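Shown next: final.cif, given as mmCIF, C-alpha atoms and all ligand atoms.
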data_structure
loop_
_atom_site.label_atom_id
_atom_site.label_comp_id
_atom_site.auth_asym_id
_atom_site.auth_seq_id
_atom_site.Cartn_x
_atom_site.Cartn_y
_atom_site.Cartn_z
CA MET U 1 16.74 -21.90 -53.10
CA LYS U 2 19.63 -22.29 -50.70
CA ARG U 3 19.46 -18.75 -49.38
CA LYS U 4 19.44 -18.77 -45.61
CA LEU U 5 17.97 -15.78 -43.90
CA LEU U 6 17.19 -15.87 -40.22
CA GLY U 7 14.22 -18.13 -39.76
CA ALA U 8 14.52 -19.55 -43.27
CA LEU U 9 15.38 -23.13 -44.10
CA LEU U 10 18.37 -24.22 -42.09
CA SER U 11 20.34 -27.40 -42.12
CA THR U 12 19.56 -29.52 -39.08
CA ALA U 13 22.34 -32.04 -39.66
CA MET U 14 24.65 -30.38 -37.20
CA VAL U 15 27.07 -31.89 -34.77
CA ALA U 16 25.75 -32.30 -31.26
CA SER U 17 27.02 -31.05 -27.91
CA LEU U 18 30.08 -29.09 -28.89
CA THR U 19 31.87 -27.23 -26.17
CA VAL U 20 32.98 -24.44 -28.47
CA GLY U 21 30.45 -22.97 -30.81
CA CYS U 22 27.49 -20.85 -31.63
CA GLY U 23 25.28 -23.78 -30.72
CA GLY U 24 27.04 -24.45 -27.43
CA GLY U 25 25.02 -22.03 -25.34
CA ASN U 26 27.14 -19.16 -26.60
CA ASP U 27 30.19 -20.35 -24.72
CA THR U 28 32.76 -17.67 -25.01
CA THR U 29 35.77 -19.69 -23.97
CA PRO U 30 37.21 -22.73 -25.66
CA ALA U 31 36.90 -25.78 -23.40
CA ASP U 32 40.65 -26.21 -23.70
CA THR U 33 42.70 -23.08 -23.88
CA PRO U 34 45.42 -23.12 -26.53
CA ALA U 35 47.77 -24.04 -23.72
CA ASP U 36 45.95 -27.35 -23.43
CA THR U 37 45.92 -28.08 -27.12
CA GLU U 38 48.84 -29.38 -29.14
CA ALA U 39 51.05 -26.33 -29.35
CA PRO U 40 54.20 -26.16 -31.45
CA ALA U 41 57.12 -27.21 -29.25
CA ASP U 42 59.06 -24.03 -29.88
CA ALA U 43 56.20 -21.60 -29.41
CA GLU U 44 54.94 -20.10 -26.21
CA THR U 45 51.24 -20.65 -25.83
CA PRO U 46 49.09 -17.55 -25.56
CA ALA U 47 48.32 -18.49 -21.97
CA ASP U 48 52.03 -18.67 -21.11
CA ASN U 49 52.63 -15.37 -22.73
CA GLU U 50 49.90 -13.65 -20.77
CA ALA U 51 51.48 -14.81 -17.54
CA ASP U 52 54.92 -13.59 -18.62
CA ASP U 53 53.95 -10.08 -19.57
CA ALA U 54 50.48 -8.76 -18.99
CA SER U 55 51.18 -5.65 -21.07
CA ALA U 56 52.04 -7.65 -24.19
CA PRO U 57 49.38 -8.47 -26.78
CA ALA U 58 47.22 -11.33 -25.48
CA ALA U 59 48.86 -13.97 -27.60
CA ALA U 60 52.05 -12.37 -28.80
CA GLY U 61 54.85 -14.81 -29.44
CA GLY U 62 52.64 -17.88 -29.41
CA GLY U 63 49.89 -19.60 -31.20
CA LYS U 64 49.36 -20.75 -34.72
CA ILE U 65 46.44 -19.47 -36.78
CA GLY U 66 44.94 -21.27 -39.76
CA ILE U 67 43.57 -18.82 -42.32
CA SER U 68 41.42 -20.52 -44.96
CA MET U 69 40.31 -18.28 -47.85
CA PRO U 70 38.01 -19.42 -50.68
CA THR U 71 39.81 -18.42 -53.88
CA GLN U 72 42.33 -16.07 -55.43
CA SER U 73 40.16 -15.67 -58.52
CA LEU U 74 37.95 -13.04 -56.86
CA GLU U 75 39.93 -9.91 -56.01
CA ARG U 76 38.84 -9.25 -52.48
CA TRP U 77 40.00 -12.56 -50.97
CA ASN U 78 43.58 -11.80 -51.99
CA ARG U 79 43.33 -8.63 -49.95
CA ASP U 80 41.63 -10.40 -47.02
CA GLY U 81 44.23 -13.16 -47.00
CA ALA U 82 47.11 -10.70 -47.14
CA TYR U 83 45.74 -8.43 -44.41
CA LEU U 84 44.92 -11.32 -42.08
CA ASP U 85 48.29 -12.92 -42.62
CA GLU U 86 50.21 -9.67 -42.09
CA GLN U 87 48.24 -8.59 -39.06
CA PHE U 88 48.38 -11.94 -37.25
CA LYS U 89 52.11 -12.20 -37.95
CA ALA U 90 52.71 -8.65 -36.72
CA ALA U 91 50.92 -9.61 -33.49
CA GLY U 92 53.37 -12.47 -32.98
CA PHE U 93 51.39 -15.43 -34.32
CA GLU U 94 52.51 -18.09 -36.72
CA THR U 95 50.11 -18.40 -39.64
CA VAL U 96 49.10 -20.96 -42.23
CA LEU U 97 47.28 -19.30 -45.16
CA THR U 98 45.52 -21.31 -47.85
CA TYR U 99 43.28 -20.57 -50.84
CA SER U 100 41.05 -23.44 -51.94
CA ASP U 101 40.32 -22.59 -55.60
CA ASN U 102 36.55 -22.36 -54.97
CA ASP U 103 36.59 -26.13 -54.37
CA SER U 104 34.86 -27.13 -51.12
CA GLY U 105 36.56 -30.54 -51.02
CA LYS U 106 39.91 -28.79 -51.17
CA GLN U 107 38.85 -26.38 -48.43
CA VAL U 108 37.94 -29.32 -46.16
CA ASN U 109 41.38 -30.83 -46.86
CA ASP U 110 43.15 -27.54 -46.28
CA ILE U 111 41.45 -27.12 -42.90
CA GLN U 112 42.16 -30.74 -41.94
CA ASN U 113 45.84 -30.15 -42.72
CA MET U 114 45.83 -27.04 -40.53
CA LEU U 115 44.34 -29.03 -37.65
CA ALA U 116 46.98 -31.75 -38.14
CA ASP U 117 49.55 -28.95 -38.07
CA GLY U 118 48.38 -27.95 -34.58
CA VAL U 119 46.70 -24.60 -35.23
CA ASN U 120 45.22 -22.98 -32.14
CA LEU U 121 42.45 -21.14 -33.95
CA LEU U 122 40.87 -21.15 -37.40
CA VAL U 123 39.71 -18.18 -39.48
CA VAL U 124 37.59 -19.52 -42.33
CA ALA U 125 35.82 -17.79 -45.24
CA ALA U 126 33.71 -20.65 -46.57
CA ILE U 127 33.25 -21.47 -50.24
CA ASP U 128 30.01 -23.27 -49.37
CA GLY U 129 28.54 -22.61 -45.93
CA GLU U 130 27.06 -26.11 -45.82
CA ALA U 131 30.00 -28.13 -47.10
CA LEU U 132 32.53 -27.89 -44.27
CA ASN U 133 30.94 -30.23 -41.71
CA THR U 134 33.75 -32.81 -41.75
CA ALA U 135 36.41 -30.20 -41.08
CA MET U 136 34.26 -28.32 -38.57
CA ASN U 137 33.51 -31.48 -36.61
CA GLU U 138 37.23 -32.20 -36.42
CA ALA U 139 37.90 -28.65 -35.22
CA ALA U 140 35.28 -29.11 -32.51
CA GLU U 141 36.80 -32.44 -31.44
CA ALA U 142 40.21 -30.78 -31.18
CA ASN U 143 38.68 -27.84 -29.27
CA VAL U 144 40.01 -25.43 -31.86
CA PRO U 145 37.87 -22.28 -31.96
CA VAL U 146 36.59 -21.22 -35.38
CA ILE U 147 35.96 -17.65 -36.47
CA SER U 148 33.63 -17.72 -39.46
CA TYR U 149 35.07 -14.92 -41.57
CA ASP U 150 32.78 -12.80 -43.76
CA ARG U 151 30.62 -15.77 -44.80
CA LEU U 152 28.75 -17.77 -42.18
CA ILE U 153 29.50 -21.51 -41.94
CA LEU U 154 26.34 -23.39 -41.05
CA ASN U 155 27.86 -25.58 -38.38
CA ASP U 156 27.74 -25.13 -34.62
CA ALA U 157 31.51 -25.59 -34.33
CA VAL U 158 31.71 -21.94 -35.32
CA SER U 159 32.55 -19.85 -32.26
CA TYR U 160 31.96 -16.36 -33.67
CA TYR U 161 31.15 -14.63 -36.92
CA VAL U 162 32.98 -11.53 -38.19
CA SER U 163 31.48 -9.84 -41.21
CA PHE U 164 29.84 -6.68 -42.48
CA ASP U 165 26.14 -6.10 -42.03
CA ASN U 166 25.23 -8.09 -45.13
CA TYR U 167 21.54 -7.13 -45.23
CA THR U 168 22.57 -3.47 -45.08
CA VAL U 169 24.91 -3.98 -48.07
CA GLY U 170 21.89 -4.95 -50.18
CA LYS U 171 19.72 -2.26 -48.63
CA LEU U 172 22.29 0.40 -49.59
CA GLN U 173 22.22 -0.84 -53.18
CA GLY U 174 18.40 -0.76 -53.29
CA GLU U 175 18.17 2.63 -51.61
CA PHE U 176 20.76 4.02 -54.01
CA ILE U 177 18.52 3.04 -56.92
CA VAL U 178 15.45 4.52 -55.21
CA ASP U 179 17.24 7.81 -54.47
CA THR U 180 19.13 8.19 -57.75
CA LEU U 181 16.02 7.64 -59.88
CA ASP U 182 13.89 9.55 -57.35
CA LEU U 183 11.39 6.71 -57.54
CA ALA U 184 9.18 8.24 -54.86
CA ASN U 185 8.39 11.10 -57.27
CA ALA U 186 8.46 9.14 -60.52
CA GLY U 187 4.77 9.69 -61.28
CA ASP U 188 3.85 7.57 -64.29
CA THR U 189 7.43 7.00 -65.38
CA VAL U 190 8.41 3.31 -65.53
CA TYR U 191 12.05 2.33 -65.14
CA ASN U 192 13.21 -1.01 -66.55
CA MET U 193 15.48 -3.07 -64.36
CA GLU U 194 17.32 -6.40 -64.31
CA ILE U 195 18.86 -8.23 -61.37
CA THR U 196 22.03 -10.29 -60.86
CA ALA U 197 22.60 -11.90 -57.47
CA GLY U 198 25.41 -13.97 -55.95
CA ASP U 199 26.37 -17.56 -55.29
CA PRO U 200 23.61 -19.65 -53.67
CA ALA U 201 26.27 -21.60 -51.74
CA ASP U 202 27.40 -18.38 -50.05
CA ASN U 203 25.21 -17.60 -47.05
CA ASN U 204 25.75 -13.87 -47.66
CA ALA U 205 24.19 -13.86 -51.11
CA GLY U 206 20.62 -14.13 -49.85
CA TYR U 207 21.13 -11.26 -47.41
CA PHE U 208 22.44 -8.96 -50.14
CA TYR U 209 19.56 -9.87 -52.44
CA GLN U 210 16.92 -9.51 -49.74
CA GLY U 211 18.25 -6.18 -48.46
CA ALA U 212 18.07 -4.73 -51.96
CA MET U 213 14.69 -6.26 -52.81
CA ASP U 214 13.13 -4.97 -49.59
CA ALA U 215 14.11 -1.43 -50.60
CA LEU U 216 12.85 -1.91 -54.18
CA GLN U 217 9.70 -4.00 -53.60
CA PRO U 218 7.29 -1.05 -53.08
CA TYR U 219 8.33 0.32 -56.49
CA LEU U 220 8.08 -3.10 -58.15
CA ASP U 221 4.61 -3.48 -56.64
CA ALA U 222 3.60 -0.01 -57.86
CA GLY U 223 4.93 -0.70 -61.36
CA THR U 224 7.45 2.15 -61.16
CA LEU U 225 10.14 -0.50 -61.58
CA ASN U 226 9.61 -3.19 -64.17
CA VAL U 227 11.81 -6.27 -64.57
CA VAL U 228 11.34 -6.83 -68.29
CA SER U 229 12.77 -10.39 -68.27
CA GLY U 230 10.46 -11.32 -65.40
CA GLN U 231 13.48 -12.89 -63.71
CA THR U 232 13.24 -11.67 -60.13
CA ASP U 233 13.42 -14.63 -57.75
CA PHE U 234 16.80 -15.42 -56.22
CA ASP U 235 17.31 -18.74 -58.00
CA SER U 236 16.69 -17.21 -61.44
CA VAL U 237 19.18 -14.39 -60.92
CA ALA U 238 21.87 -16.18 -58.84
CA THR U 239 25.46 -16.50 -60.13
CA ALA U 240 27.35 -19.68 -59.23
CA GLN U 241 30.68 -18.86 -57.54
CA TRP U 242 30.11 -15.14 -58.20
CA ASN U 243 31.75 -15.78 -61.55
CA THR U 244 32.18 -12.78 -63.88
CA ASP U 245 31.82 -14.83 -67.09
CA THR U 246 28.65 -16.49 -65.81
CA ALA U 247 27.17 -13.07 -65.04
CA LEU U 248 28.30 -11.80 -68.45
CA GLU U 249 26.66 -14.70 -70.31
CA ARG U 250 23.35 -14.38 -68.52
CA ALA U 251 23.34 -10.59 -69.08
CA GLN U 252 24.00 -11.12 -72.80
CA ASN U 253 21.11 -13.59 -72.98
CA VAL U 254 18.77 -11.19 -71.18
CA LEU U 255 19.79 -8.30 -73.44
CA SER U 256 19.35 -10.27 -76.65
CA SER U 257 16.03 -11.79 -75.54
CA TYR U 258 14.33 -8.72 -74.05
CA TYR U 259 16.11 -5.53 -75.13
CA ALA U 260 17.17 -6.13 -78.75
CA ASP U 261 13.94 -4.46 -79.94
CA GLY U 262 15.04 -1.10 -78.52
CA THR U 263 13.43 -1.45 -75.09
CA GLN U 264 15.25 0.91 -72.74
CA LEU U 265 17.17 -0.61 -69.82
CA ASP U 266 17.60 1.78 -66.88
CA VAL U 267 19.03 -0.22 -63.99
CA TRP U 268 20.92 -3.42 -63.35
CA LEU U 269 21.06 -4.37 -59.69
CA CYS U 270 24.24 -6.42 -59.18
CA SER U 271 25.05 -7.85 -55.77
CA ASN U 272 28.81 -7.39 -56.06
CA ASP U 273 31.67 -6.19 -58.22
CA SER U 274 32.66 -9.50 -59.84
CA THR U 275 29.13 -9.88 -61.22
CA ALA U 276 28.86 -6.14 -62.02
CA LEU U 277 32.01 -6.50 -64.11
CA GLY U 278 30.34 -9.11 -66.34
CA VAL U 279 27.08 -7.18 -66.53
CA ALA U 280 28.87 -3.91 -67.39
CA GLN U 281 30.76 -5.70 -70.15
CA ALA U 282 27.52 -7.08 -71.59
CA VAL U 283 25.82 -3.68 -71.40
CA THR U 284 28.79 -2.03 -73.09
CA SER U 285 28.96 -4.53 -75.94
CA ASP U 286 25.41 -5.88 -76.32
CA TYR U 287 22.94 -3.20 -75.26
CA ALA U 288 21.38 -1.36 -78.20
CA GLY U 289 20.31 1.75 -76.24
CA SER U 290 22.44 4.85 -75.77
CA ASN U 291 21.35 5.85 -72.26
CA SER U 292 23.67 5.13 -69.37
CA VAL U 293 22.50 2.20 -67.25
CA LEU U 294 22.68 2.44 -63.46
CA ILE U 295 24.76 -0.54 -62.31
CA THR U 296 25.39 -1.35 -58.63
CA GLY U 297 28.20 -3.35 -57.08
CA GLN U 298 30.00 -4.22 -53.88
CA ASP U 299 33.65 -4.44 -52.77
CA GLY U 300 35.66 -1.71 -54.48
CA ASP U 301 37.60 -4.03 -56.79
CA GLU U 302 40.14 -2.14 -58.91
CA ALA U 303 38.48 -2.91 -62.27
CA ASN U 304 35.13 -1.75 -60.91
CA LEU U 305 36.56 1.46 -59.49
CA LYS U 306 37.92 2.13 -62.96
CA ASN U 307 34.45 1.48 -64.38
CA ILE U 308 33.02 3.95 -61.86
CA VAL U 309 35.51 6.61 -62.99
CA ASP U 310 34.56 5.83 -66.62
CA GLY U 311 30.82 5.99 -65.85
CA VAL U 312 30.29 2.32 -66.77
CA GLN U 313 29.37 1.30 -63.20
CA THR U 314 27.50 3.72 -60.97
CA MET U 315 28.28 2.71 -57.40
CA THR U 316 29.87 0.10 -55.21
CA VAL U 317 29.24 -0.75 -51.59
CA TYR U 318 32.68 -0.59 -50.07
CA LYS U 319 33.70 -2.87 -47.24
CA ASN U 320 37.03 -2.08 -45.62
CA VAL U 321 38.46 -5.59 -45.34
CA SER U 322 41.57 -4.34 -43.59
CA ASN U 323 39.26 -3.32 -40.74
CA GLU U 324 37.56 -6.71 -40.95
CA SER U 325 40.90 -8.38 -40.29
CA VAL U 326 41.67 -5.95 -37.43
CA VAL U 327 38.42 -7.02 -35.75
CA THR U 328 39.20 -10.69 -36.45
CA LEU U 329 42.65 -10.39 -34.87
CA ALA U 330 41.29 -8.64 -31.77
CA LEU U 331 38.58 -11.27 -31.41
CA ALA U 332 41.06 -14.13 -31.89
CA LYS U 333 43.31 -12.70 -29.19
CA ALA U 334 40.37 -12.39 -26.81
CA ILE U 335 39.25 -15.97 -27.51
CA LEU U 336 42.74 -17.36 -26.99
CA ALA U 337 43.18 -15.33 -23.80
CA GLY U 338 39.89 -16.71 -22.48
CA ASP U 339 38.39 -13.22 -22.18
CA THR U 340 34.67 -12.61 -21.95
CA ILE U 341 33.37 -11.88 -25.40
CA ASP U 342 30.50 -9.46 -25.70
CA ASP U 343 29.92 -5.88 -26.77
CA SER U 344 32.45 -4.63 -24.21
CA LEU U 345 35.12 -5.78 -26.67
CA VAL U 346 33.95 -3.44 -29.42
CA PRO U 347 35.57 -0.16 -28.22
CA SER U 348 38.98 -1.86 -28.26
CA PHE U 349 38.65 -2.39 -32.03
CA GLY U 350 38.67 1.35 -32.74
CA ILE U 351 36.35 0.48 -35.65
CA GLU U 352 32.62 1.00 -36.01
CA CYS U 353 31.14 -2.41 -35.43
CA ALA U 354 28.00 -3.92 -33.88
CA PHE U 355 27.93 -6.95 -31.60
CA ASP U 356 24.86 -8.84 -32.80
CA THR U 357 23.54 -11.96 -31.09
CA GLU U 358 20.27 -12.22 -33.01
CA SER U 359 20.70 -12.02 -36.76
CA TYR U 360 22.68 -15.14 -37.63
CA GLU U 361 22.18 -18.81 -36.83
CA THR U 362 24.56 -21.70 -37.47
CA SER U 363 21.67 -24.15 -37.13
CA GLU U 364 18.03 -23.70 -36.33
CA GLY U 365 17.71 -21.84 -33.05
CA ASN U 366 21.47 -21.60 -32.49
CA LYS U 367 22.37 -17.96 -32.68
CA CYS U 368 25.92 -17.10 -33.62
CA PRO U 369 27.42 -14.11 -31.80
CA SER U 370 28.55 -11.80 -34.57
CA PHE U 371 30.69 -8.71 -34.98
CA LEU U 372 29.32 -6.75 -37.93
CA LEU U 373 31.18 -3.86 -39.52
CA VAL U 374 29.58 -1.00 -41.42
CA PRO U 375 29.59 -0.78 -45.24
CA ASN U 376 29.63 2.52 -47.22
CA VAL U 377 28.43 3.67 -50.61
CA ILE U 378 31.15 4.79 -53.03
CA THR U 379 30.42 6.66 -56.26
CA LYS U 380 32.43 8.80 -58.64
CA ASP U 381 31.88 11.70 -56.22
CA ASN U 382 33.53 10.27 -53.12
CA LEU U 383 36.38 8.14 -54.46
CA GLN U 384 38.68 10.31 -52.37
CA ASP U 385 37.21 8.58 -49.28
CA LEU U 386 38.93 5.40 -50.44
CA VAL U 387 42.23 7.18 -50.92
CA ASP U 388 41.80 8.61 -47.41
CA THR U 389 41.73 5.07 -45.97
CA GLY U 390 45.37 4.76 -47.05
CA LEU U 391 44.46 1.52 -48.83
CA TYR U 392 44.23 3.03 -52.34
CA THR U 393 46.23 5.52 -54.34
CA MET U 394 44.89 7.65 -57.18
CA GLY U 395 46.96 7.90 -60.34
CA ASP U 396 47.22 10.98 -62.55
CA ASP U 397 44.60 9.36 -64.79
CA GLY U 398 42.12 9.42 -61.86
CA TYR U 399 42.06 5.64 -61.55
CA LEU U 400 42.54 3.97 -58.17
CA SER U 401 44.97 1.19 -57.36
CA ALA U 402 45.10 -0.84 -54.18
CA ALA U 403 48.17 0.35 -52.23
CA ASN U 404 50.31 -2.53 -51.14
C1 LIG O 501 31.49 -11.28 -49.93
C2 LIG O 501 31.50 -10.20 -50.98
C3 LIG O 501 32.12 -10.76 -52.26
C4 LIG O 501 31.53 -12.09 -52.66
C5 LIG O 501 32.30 -12.72 -53.79
C6 LIG O 501 30.80 -12.49 -50.47
O1 LIG O 501 30.71 -13.49 -49.49
O2 LIG O 501 30.86 -10.80 -48.76
O3 LIG O 501 32.25 -9.11 -50.50
O4 LIG O 501 31.91 -9.86 -53.30
O5 LIG O 501 31.55 -12.98 -51.57
O6 LIG O 501 33.64 -12.84 -53.50
#

Target encoding structure tokens, full file:
Amino acid sequence: MKRKLLGALLSTAMVASLTVGCGGGNDTTPADTPADTEAPADAETPADNEADDASAPAAAGGGKIGISMPTQSLERWNRDGAYLDEQFKAAGFETVLTYSDNDSGKQVNDIQNMLADGVNLLVVAAIDGEALNTAMNEAAEANVPVISYDRLILNDAVSYYVSFDNYTVGKLQGEFIVDTLDLANAGDTVYNMEITAGDPADNNAGYFYQGAMDALQPYLDAGTLNVVSGQTDFDSVATAQWNTDTALERAQNVLSSYYADGTQLDVWLCSNDSTALGVAQAVTSDYAGSNSVLITGQDGDEANLKNIVDGVQTMTVYKNVSNESVVTLALAKAILAGDTIDDSLVPSFGIECAFDTESYETSEGNKCPSFLLVPNVITKDNLQDLVDTGLYTMGDDGYLSAAN
């Protein structure tokens, strides 16, 4: 199992004595400011800009940001990439945005190219949290700060981590199941459940799984919840690359092996929307029962929101990734301006967010200062909350589309 919760197995093959990084004694300032690093000849450095006009954004007019996203095949990263790119550009930065097709080797290359291109700061959502050491070591050598975006990179070159509270995402899914089925008052009723988790290479996947399982474990122990397939441990239920077809195939196998005899399925815990999409498809086409199955998710992908309207998926844990990029931009500006980075920065975000110096480690014992946003439960009953963010519109048919 590659899941990495705090205190769990952690890679020790980390680079030593980096000046910038979670493992560098929580240094909050790059050893070299962007002014000292290779800056594009025609661009003012953030430091220059500060001196010119203290009222301007910290790094307006200068600085190049490398934005490395994992893949365009999973909906959310398209939104993350677009928001980050737009927001950094609007703040006066040059940007280089890449998607690495879920191929870690390509992501290393993409980041190396950004460093060769003279980026002043990297924002990286890792495909595999353990596979970026070559690129991270080069970033550290070049004194380029790295913001680990959404997914933690297990390398001490990472300066800061911006994400949602990943454990809480899973906890919300588990608690939703507990509350919706009123498990505390279930008496002798037994609900049958199956589980689909995320990509073992993604450091987040273990947090989602554990948050949900911690909420459900008392009911599994009491027998109120019963996993008919017996497949409960993370490795048995994980989904490589969060792939919808992989989740679909496993769900079809589980349904044909354990539910074809008419056994009722009540719940399918899915860690996110791309896996929930595959599971919902399998339940729709391959489940013999006629009851509606409670299916969880995460993200608010368009296809899943449609499934929620249609009653095929029950909930999603929504994470406002536009806000995640707002926090990332504010943090990047503060890093490049050499500001002190601690919880005093949070009010300037205008977004609910915790500064957490305990929960995440880039290597054993090396805590990574993290800014963690707050996720929310979305069901059929509060879809309007998404429309109210301004990031979705609702059509006459009641379906939501991402507003561009
Ligand atoms: C993200 C989730 C997403 C999953 C697959 C995770 O790292 O936090 O929001 O559903 O990756 O893209």

Report the closest atom pair, with its distance in Å rounded to one decimal, for each residue of chain U that has an atom no farther than 8 Å from ligand LIG 501 (chain O); count all atoms listed in the file, sort by chain and then rising residue number, and write it as a Markdown table.
| residue | atom | partner | partner_atom | distance |
| --- | --- | --- | --- | --- |
| U:Leu74 | CA | O:LIG501 | O6 | 5.5 |
| U:Glu75 | CA | O:LIG501 | O6 | 7.4 |
| U:Arg76 | CA | O:LIG501 | O6 | 6.4 |
| U:Trp77 | CA | O:LIG501 | O6 | 6.9 |
| U:Ala125 | CA | O:LIG501 | O1 | 7.9 |
| U:Asp150 | CA | O:LIG501 | O2 | 5.7 |
| U:Arg151 | CA | O:LIG501 | O1 | 5.2 |
| U:Ser163 | CA | O:LIG501 | O2 | 7.6 |
| U:Phe164 | CA | O:LIG501 | O2 | 7.6 |
| U:Asn166 | CA | O:LIG501 | O2 | 7.2 |
| U:Gly198 | CA | O:LIG501 | C4 | 7.2 |
| U:Asp199 | CA | O:LIG501 | C5 | 7.8 |
| U:Asp202 | CA | O:LIG501 | O1 | 5.9 |
| U:Asn203 | CA | O:LIG501 | O1 | 7.3 |
| U:Asn204 | CA | O:LIG501 | O1 | 5.3 |
| U:Ala205 | CA | O:LIG501 | O1 | 6.7 |
| U:Gln241 | CA | O:LIG501 | C5 | 7.4 |
| U:Trp242 | CA | O:LIG501 | C5 | 5.5 |
| U:Ser271 | CA | O:LIG501 | O4 | 7.6 |
| U:Asn272 | CA | O:LIG501 | O4 | 4.8 |
| U:Asp273 | CA | O:LIG501 | O4 | 6.1 |
| U:Ser274 | CA | O:LIG501 | O4 | 6.6 |
| U:Gln298 | CA | O:LIG501 | O4 | 6.0 |
| U:Asp299 | CA | O:LIG501 | O3 | 5.4 |
| U:Lys319 | CA | O:LIG501 | O3 | 7.2 |

### Pairwise distance for CA of Val327 (chain U) and CA of Tyr160 (chain U), rounded to one decimal in Å
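About the pair CA of Val327 (chain U) and CA of Tyr160 (chain U): they are 11.5 Å apart.
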
### Message
So that I can check the surroundings of Gly223 (chain U), please list as a list in words every protein, DNA and RNA residue that reaches within 9 Å of it, counting all atoms listed in the file and ignoring chain neighbours fewer than 3 positions away.
### Response
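The residues that qualify are Asp188, Val190, Tyr191, Pro218, Tyr219, Leu220 and Asn226 of chain U.
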
Hey, which bits of region 45-162 of chain U sit within 12 Å of region 393-404 of chain U, and for each residue what's the closest pair of atoms and how far apart in Å (one decimal), counting only C-alpha atoms, rows by chain and increasing number, as CSV?
residue,atom,partner,partner_atom,distance
U:Glu75,CA,U:Ala402,CA,10.6
U:Arg76,CA,U:Ala402,CA,10.6
U:Asn78,CA,U:Ala402,CA,11.3
U:Arg79,CA,U:Ala402,CA,9.0
U:Ala82,CA,U:Asn404,CA,9.6
U:Tyr83,CA,U:Asn404,CA,10.0
U:Glu86,CA,U:Asn404,CA,11.5

### Shell of 12 Å around Glu138 (chain U), only C-alpha atoms, local chain residues under 2 positions omitted, as a ChimeraX atom specification
/U:15,18,20,108-109,111-116,122,132-136,140-146,155-158

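The neighbours of Ala215 (chain U) here are the residues that come within 10 Å of it, using all atoms listed in the file and leaving out any residue fewer than 3 positions away in the same chain; they are Gly170, Lys171, Leu172, Gln173, Gly174, Glu175, Phe176, Ile177, Val178, Gln210, Gly211, Ala212, Pro218, Tyr219 and Leu220 of chain U.
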
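The shortest atom-to-atom distance to Lys333 (chain U), with all atoms listed in the file taken into account, belongs to U:Asn120 out of U:Gln281, U:Thr232, U:Thr168, U:Asn120.
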
### Task
Check the smallest atom-to-atom distance from each of U:Ala354, U:Val169, U:Ala280, U:Ala240 to Tyr318 (chain U) using all atoms listed in the file, then report the winner.
U:Val169

### Message
Can you pull out the residues contacting Ser229 (chain U)? Cut-off 9 Å, using all atoms listed in the file, and skip same-chain residues under 6 positions away; I want them as a PyMOL selection string.
### Response
chain U and resi 193-194+254-255+257-258

Would you export the selected residues with C-alpha atoms as a JSON list (two decimals), in the frame of the given file, please?
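Okay, result03.json is ready:
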[["chain", "number", "residue", "atom", "x", "y", "z"],
["U", 193, "MET", "CA", 15.48, -3.07, -64.36],
["U", 194, "GLU", "CA", 17.32, -6.40, -64.31],
["U", 254, "VAL", "CA", 18.77, -11.19, -71.18],
["U", 255, "LEU", "CA", 19.79, -8.30, -73.44],
["U", 257, "SER", "CA", 16.03, -11.79, -75.54],
["U", 258, "TYR", "CA", 14.33, -8.72, -74.05]]

### Query
Which distance in Å separates CA of Thr275 (chain U) and CA of Ala251 (chain U), to one decimal?
9.8 Å

### Task
Can you work out the spacing between CA of Leu269 (chain U) and CA of Asn185 (chain U) in Å, to one decimal?
20.1 Å

### Message
Give me the residues near Leu294 (chain U) as a PyMOL selection string, where near means some atom within 9 Å (using all atoms listed in the file) and where sequence neighbours in that chain fewer than 5 positions away do not count.
### Response
chain U and resi 177+180+265-269+312-315

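Of the listed residues U:Ser325, U:Thr340, U:Asn243, U:Thr189, the one whose atoms come nearest to Thr224 (chain U) is U:Thr189, with distances taken using only C-alpha atoms.
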
### Message
Ranking U:Thr296, U:Ser73, U:Thr357, U:Ser68 by minimum distance to Thr98 (chain U) and counting only C-alpha atoms, which one comes first?
### Response
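Of the candidates, the smallest distance to Thr98 (chain U) is held by U:Ser68.
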
### Message
When you count all atoms listed in the file, which of these residues is closest to Ser104 (chain U): U:Gly129, U:Gly230, U:Gly81, U:Gly338?
### Response
U:Gly129

#### Entry: Proximity to Gly278 (chain U) - best of U:Asp356, U:Gly365, U:Val227, U:Thr196, all atoms listed in the file
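Among the listed residues, U:Thr196 lies closest to Gly278 (chain U).
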